[in-house]
Amino acid sequence: MYEAAKTIEELEEKQQWWWAAEKKRSKRLDYLRKAIWKKGAVGGLYNPGVKVELERPQLQTQKARELEMSPDPWVMKFAHMFAHVLDNKTIFITDHSQLVGYNADLPNTIGWDPSIASILNEEVFNDPSSLPEPIEESQKIIADIKNYWAGKSDLDKIMPYLDLDDMMKVLSGAVGWGVPLARGGYSGKDYEYIMTGKRGFEEVIAELDKNIDEADAKVHEPAASQEIMELYDKMNNWEAMQICLEACIRHAKRYARLARIIAENFETDEKRKQELLQIAEVCERVPAQPPRTLQESLQYDLFIQLFSRTEAIEGAWPARPDYYHGPYYQKDVVEDKRLTHEEAVELAGEFLIRAAEVEQYKPKFAREGLQGISGTWVWTLGGVNKDGSDACNGMTIALLQAARLVRVANPTFAFRWHPKVSDEVMKECFECIRQGLGYPSMRNDPILIANAMNWHGHPIDEARTWVHQACMSPAPTTKHGFQPMRMANATVNCAKIIEYVFSSGFDNVFNIQIGAETPPVEDLTDFEKVYEAWETQMKTLFSLLVRPVNRARSLAPTMTPRPFLSGISERSVESGKDVCDPSVSRGNSWITAFTWVENADSLAAVKKLVFDEKKYTLAELKEAMDANWEGKEDMRLDFVKNTPKWGNDDDYVDDIMLRCLRSAAKFSREIKDPMGNNWPILPENVSGNIHYANVVGALPNGRRLGDALYDGGISPGPGLDKKGPTAVLKSCGKIDHISDGRAFLLNQRLSPTQLAGEKGFQMWKAYMRAWADLGIDHVQFNMVDDTTLRAAQKDPEDYQEVIVRVAGYSAHFVDISRKTQDNIIQRTIQGL
Amino acid sequence: MARKSRQEFANASGVFGVQQTQPVEQGKEVPDKPCGMCVHFSESAFSSDGRGACKKLKEGSNIKVDPPVYVLEGKNGYMIRALTDAAGCKYYEKMKFVDKDGYECSDPQFRRTLRQFQDK
Amino acid sequence: MAVCNECKRFFAQDEQPEKGDCVRRGEDPRQAFYTARPVTAEQDASSCPDFQKK
């Protein structure tokens, strides 16, 4: 399908964007882009050639053994382990690179932190594909490491403090996704403290020194008080932060030294020699001191991200790179003219590549739920400044252009749209979408700022700093507003809510009672009683998953501290409290609602066919569902075809959807996080709709056990939105996107042929206008046609670079399982 | 749920993390009829070290004794491991693998993320 | 006994010459790179397959 002689124009004409990009990008970007090892798991397994690193876990275990008899408190021991890893791990500098740093020891390795969870270590031991050769040698090393950490890892330590009944249900995997850990989830950052150029790590260390000195003086005054009692812990925390930050500075200087050694001893090309000396200068400067140039700023950011991923498994990458790097773009490109725009784009492209390479060994449920990627790294672009003015800048454009050149599937962008965004920037967003990247997803900034203020009480200037904490949820980047750890297990497989109405809470797939023991469904005499049972199940599951997170968050400061993240957070540097300490955080929790829409469609089907038309009884429906609809195909098709479905502007089902959302929203204000704040729901799916396909039993919407679930959020079921894009938007617009929940994911497929050229842009803009006018908070697009996707299924080798939007993230089409691929093809292509 | 059975379930399912680690050699031994290859095996979602439950047999069953104890009624499944030897179990029914290379993940029954099952 | 200090790949630190880095050229199917790993000058290198006398 690809002919080398084709021109860029011809390739673009045929929508062969990946080949066109190859011709358009610089030699450096081309080399670095092709150097990426795809680290996202394919289905449940890592790609051939990708290996788990064994150096870091050995270093960490070695230090842990050394420290066993040390009198230091845990937070200090932890900091020493962190420092030991950074001081001793192998580092590398790839040819042609300008930015350096990686979280494991070689380009093809994935990081493994053995101190997180024994069950993760067991997975590494049993991994069929990613152990380094010779396997037997590796297994011996892994066995020694896992045996050491058994009973000592974070999860092992936390688990006995959680409620056993709850955890048995959570760990069944039926209703939740993840475990409650402060070092395993989505970590926000206090960018307003550390990324605004006001300070580097040395200034923070000086601040910590001052705090320790003052506290030390205080505890030796002729006094005894509660304040003095608290200072002992604070001094330990401050010292641990210092140990971490000092190690980070040393680690960066190791790169500076390596770059100089290469330049002075090995490199013969004069231009490259200068680049290496430039790298050395940059790494001597940051993170010790604040950055002065765009390269320093990007390197500083990259170091911070990698250090944080040395401290914890971070499944997300909350960031706002145009906002925080924009001032350096302005200075270098516009004012000082020391860089051209093209050079800035190249740096931005390399920054995307460096992020795309990062991977940490993740448990199976995470690999399957995030097929093809290493985590939901949705970077935030656009939006407004704290004063409400447009925040878009030259770096916004540079990043959007760089994304089209390097075409990585992760990180991706989400764009904070607001009425003041210029056409120039909108066109750049549109081009990324039209060229098949599937990103940026579009977010409605005014709605989401109001939403953040409504749900969590963020003041307006705090709310305006928001970034995506993971795929979807807005979280500020300020002292009290940022969230240090969103623990993924408050993620509800919501299709179980309606399933449990029919089984009185007993899970027929996992053989345990998980939901509430609501009355037998055949005894429910009207729709209101069915709805009542649904509400009870909803409340039961939400509470079940929220309780362990609340408990783990409260335990985190003492049991699973994060001294590095604390060290770059104003609230911890100031207070001496761990960054997860609820007393210094405003709270920004949310319940991710996987597989949500099935509830509305199922309840509508029950209401219509059982109670309105009295065509079937609930007993008959239960019998059919228990049999997975076997022998009842006609009945099943009745429930599929002759019942109203969400996404068609049909009030019958849309009203049920609103009712469900509002019941959940009301309950969201009754359940509280340890900060005393609310737990709103956020319907979205990642690839949980596939992960849960064989976990969710038959449903009243006609779905069978094993069928893929809907692709999520408030997206209609694939192929069930039959009335066109306006009807989808109208259904979604009935939701109050400020007060009905935290955010709502909407997938749409559009035709790339229809949207070509200026005319296409104008059509898309009109669509976006309608979307904005309806107050919908999110939409994301797939613009790859069926022909290409089917061809990619047939000849995956020829279509390695085709990217699709899966849910809250993008992935290379060939890296997701067949079932997920089919699910994307089934989504309706909307003609505008 | 009675405290005692909760404890048993917890131990078997590994809720408290790994309490006994198996030596390297033991991990190599795959019985001819491992529970992990049976259609009734339901693997725990949270680890690939083979923790799981039997969907046919209920709590109180024991297939490791002779004669085996089969409990078919009850609320909770019988906790086992993928490498549990099911040679003596009369309900053993080998599954058909639809996924030949281990890369398909849609069906938990056909996930072969355990190294020991690679060539089975 | 060969020690790291005698190897071409050993680069001593200016401030602490007893410590240094073992710097190597690496290559995998996708890229070429240089690695650095901390070693001490007197570290036993007799079983190091990459030892190259200065």
# chains A, B, ... in the order shown; residues from 1 in each chain; ligands from 1
$ closest_atom_pairs --of "chain A" --to "chain C" --cutoff "6 Å" --atoms "only C-alpha atoms" --output "tab-separated table"
residue	atom	partner	partner_atom	distance
A:Ala35	CA	C:Arg30	CA	4.7
A:Asn88	CA	C:Pro38	CA	5.9
A:Thr90	CA	C:Arg37	CA	4.7
A:Ile91	CA	C:Ala36	CA	5.4
A:Phe92	CA	C:Thr35	CA	4.2
A:Ile93	CA	C:Tyr34	CA	5.4
A:Thr94	CA	C:Phe33	CA	4.1
A:Asp95	CA	C:Phe33	CA	5.4
$ interface_residues --of "chain A" --to "chain B" --cutoff "7 Å" --atoms "only C-alpha atoms" --output "NGL selection string"
:A and (42-45 or 118-120 or 122-123 or 126-128 or 139-140 or 143 or 147 or 150-151 or 156 or 159-160 or 168 or 171-173 or 363-365 or 368 or 511-512 or 690-691 or 693-694 or 817 or 819)
$ residues_around --residues "C:Met1" --least-positions-apart "2" --cutoff "9 Å" --atoms "only C-alpha atoms" --output "JSON, numbers by chain"
{"C": [3, 44, 45, 46]}
$ write_last_selection --atoms "C-alpha atoms" --output "tab-separated table (two decimals), in the first residue's frame"
chain	number	residue	atom	x	y	z
C	3	VAL	CA	40.50	-3.64	38.39
C	44	ASP	CA	37.43	-6.34	40.65
C	45	ALA	CA	37.09	-6.46	36.87
C	46	SER	CA	38.66	-9.88	36.36
$ residues_around --residues "A:Tyr439" --least-positions-apart "4" --cutoff "9 Å" --atoms "only C-alpha atoms" --output "PDB file with N, CA and C atoms, in the first residue's frame"
ATOM      1  N   THR A 412      -1.202  11.786  25.065  1.00  0.00           N
ATOM      2  CA  THR A 412      -2.110  12.469  24.157  1.00  0.00           C
ATOM      3  C   THR A 412      -2.482  13.816  24.793  1.00  0.00           C
ATOM      4  N   PHE A 413      -3.245  14.589  24.040  1.00  0.00           N
ATOM      5  CA  PHE A 413      -3.653  15.904  24.550  1.00  0.00           C
ATOM      6  C   PHE A 413      -5.159  15.957  24.769  1.00  0.00           C
ATOM      7  N   ALA A 414      -5.551  16.816  25.691  1.00  0.00           N
ATOM      8  CA  ALA A 414      -6.953  17.200  25.806  1.00  0.00           C
ATOM      9  C   ALA A 414      -6.953  18.722  25.827  1.00  0.00           C
ATOM     10  N   PHE A 415      -7.809  19.297  25.019  1.00  0.00           N
ATOM     11  CA  PHE A 415      -7.769  20.742  24.830  1.00  0.00           C
ATOM     12  C   PHE A 415      -8.907  21.425  25.571  1.00  0.00           C
ATOM     13  N   CYS A 429      -5.794  22.020  16.411  1.00  0.00           N
ATOM     14  CA  CYS A 429      -6.479  20.902  17.085  1.00  0.00           C
ATOM     15  C   CYS A 429      -7.173  20.031  16.043  1.00  0.00           C
ATOM     16  N   PHE A 430      -7.891  20.702  15.155  1.00  0.00           N
ATOM     17  CA  PHE A 430      -8.652  19.991  14.125  1.00  0.00           C
ATOM     18  C   PHE A 430      -7.728  19.142  13.256  1.00  0.00           C
ATOM     19  N   CYS A 432      -4.922  17.762  14.034  1.00  0.00           N
ATOM     20  CA  CYS A 432      -4.508  16.564  14.778  1.00  0.00           C
ATOM     21  C   CYS A 432      -5.610  15.512  14.732  1.00  0.00           C
ATOM     22  N   ILE A 433      -6.839  15.968  14.931  1.00  0.00           N
ATOM     23  CA  ILE A 433      -7.966  15.026  14.931  1.00  0.00           C
ATOM     24  C   ILE A 433      -8.169  14.455  13.528  1.00  0.00           C
ATOM     25  N   GLN A 780     -14.603  13.449  22.019  1.00  0.00           N
ATOM     26  CA  GLN A 780     -13.370  13.063  21.331  1.00  0.00           C
ATOM     27  C   GLN A 780     -13.746  12.275  20.091  1.00  0.00           C
ATOM     28  N   PHE A 781     -12.851  12.333  19.124  1.00  0.00           N
ATOM     29  CA  PHE A 781     -13.218  11.837  17.803  1.00  0.00           C
ATOM     30  C   PHE A 781     -12.257  10.772  17.297  1.00  0.00           C
ATOM     31  N   ASN A 782     -12.819   9.794  16.609  1.00  0.00           N
ATOM     32  CA  ASN A 782     -12.022   8.924  15.759  1.00  0.00           C
ATOM     33  C   ASN A 782     -12.324   9.322  14.336  1.00  0.00           C
ATOM     34  N   VAL A 804      -5.866   5.043  17.057  1.00  0.00           N
ATOM     35  CA  VAL A 804      -7.306   5.239  17.272  1.00  0.00           C
ATOM     36  C   VAL A 804      -7.546   5.736  18.687  1.00  0.00           C
ATOM     37  N   ARG A 805      -8.676   6.390  18.866  1.00  0.00           N
ATOM     38  CA  ARG A 805      -9.079   6.801  20.201  1.00  0.00           C
ATOM     39  C   ARG A 805      -9.846   5.631  20.804  1.00  0.00           C
ATOM     40  N   TYR A 809      -8.134   7.523  26.117  1.00  0.00           N
ATOM     41  CA  TYR A 809      -6.757   7.520  25.635  1.00  0.00           C
ATOM     42  C   TYR A 809      -6.717   7.039  24.199  1.00  0.00           C
ATOM     43  N   SER A 810      -5.561   7.207  23.564  1.00  0.00           N
ATOM     44  CA  SER A 810      -5.374   6.704  22.206  1.00  0.00           C
ATOM     45  C   SER A 810      -4.410   5.532  22.242  1.00  0.00           C
TER      46      SER A 810
END
$ select_by_dssp --residues "chain C" --states "strand (DSSP E)" --output "NGL selection string"
:C and (10-12 or 19-27 or 32-40)
$ write_last_selection --atoms "C-alpha atoms" --output "mmCIF file, in the first residue's frame"
data_model
loop_
_atom_site.group_PDB
_atom_site.id
_atom_site.type_symbol
_atom_site.label_atom_id
_atom_site.label_comp_id
_atom_site.auth_asym_id
_atom_site.auth_seq_id
_atom_site.Cartn_x
_atom_site.Cartn_y
_atom_site.Cartn_z
ATOM 1 C CA PHE C 10 36.562 3.706 33.473
ATOM 2 C CA PHE C 11 36.238 7.449 33.970
ATOM 3 C CA ALA C 12 37.262 8.649 37.396
ATOM 4 C CA LYS C 19 35.035 6.522 42.296
ATOM 5 C CA GLY C 20 33.970 6.724 38.713
ATOM 6 C CA ASP C 21 31.736 5.546 35.930
ATOM 7 C CA CYS C 22 31.934 2.563 33.653
ATOM 8 C CA VAL C 23 30.911 4.124 30.322
ATOM 9 C CA ARG C 24 29.968 1.817 27.483
ATOM 10 C CA ARG C 25 28.575 2.013 24.009
ATOM 11 C CA GLY C 26 25.283 0.147 23.799
ATOM 12 C CA GLU C 27 23.092 -0.838 20.922
ATOM 13 C CA ALA C 32 22.496 3.276 19.848
ATOM 14 C CA PHE C 33 23.414 4.898 23.139
ATOM 15 C CA TYR C 34 26.041 5.323 25.827
ATOM 16 C CA THR C 35 25.516 3.965 29.325
ATOM 17 C CA ALA C 36 27.132 4.894 32.619
ATOM 18 C CA ARG C 37 27.167 2.837 35.787
ATOM 19 C CA PRO C 38 28.934 3.842 39.020
ATOM 20 C CA VAL C 39 31.922 1.692 39.905
ATOM 21 C CA THR C 40 34.949 2.109 42.156
#
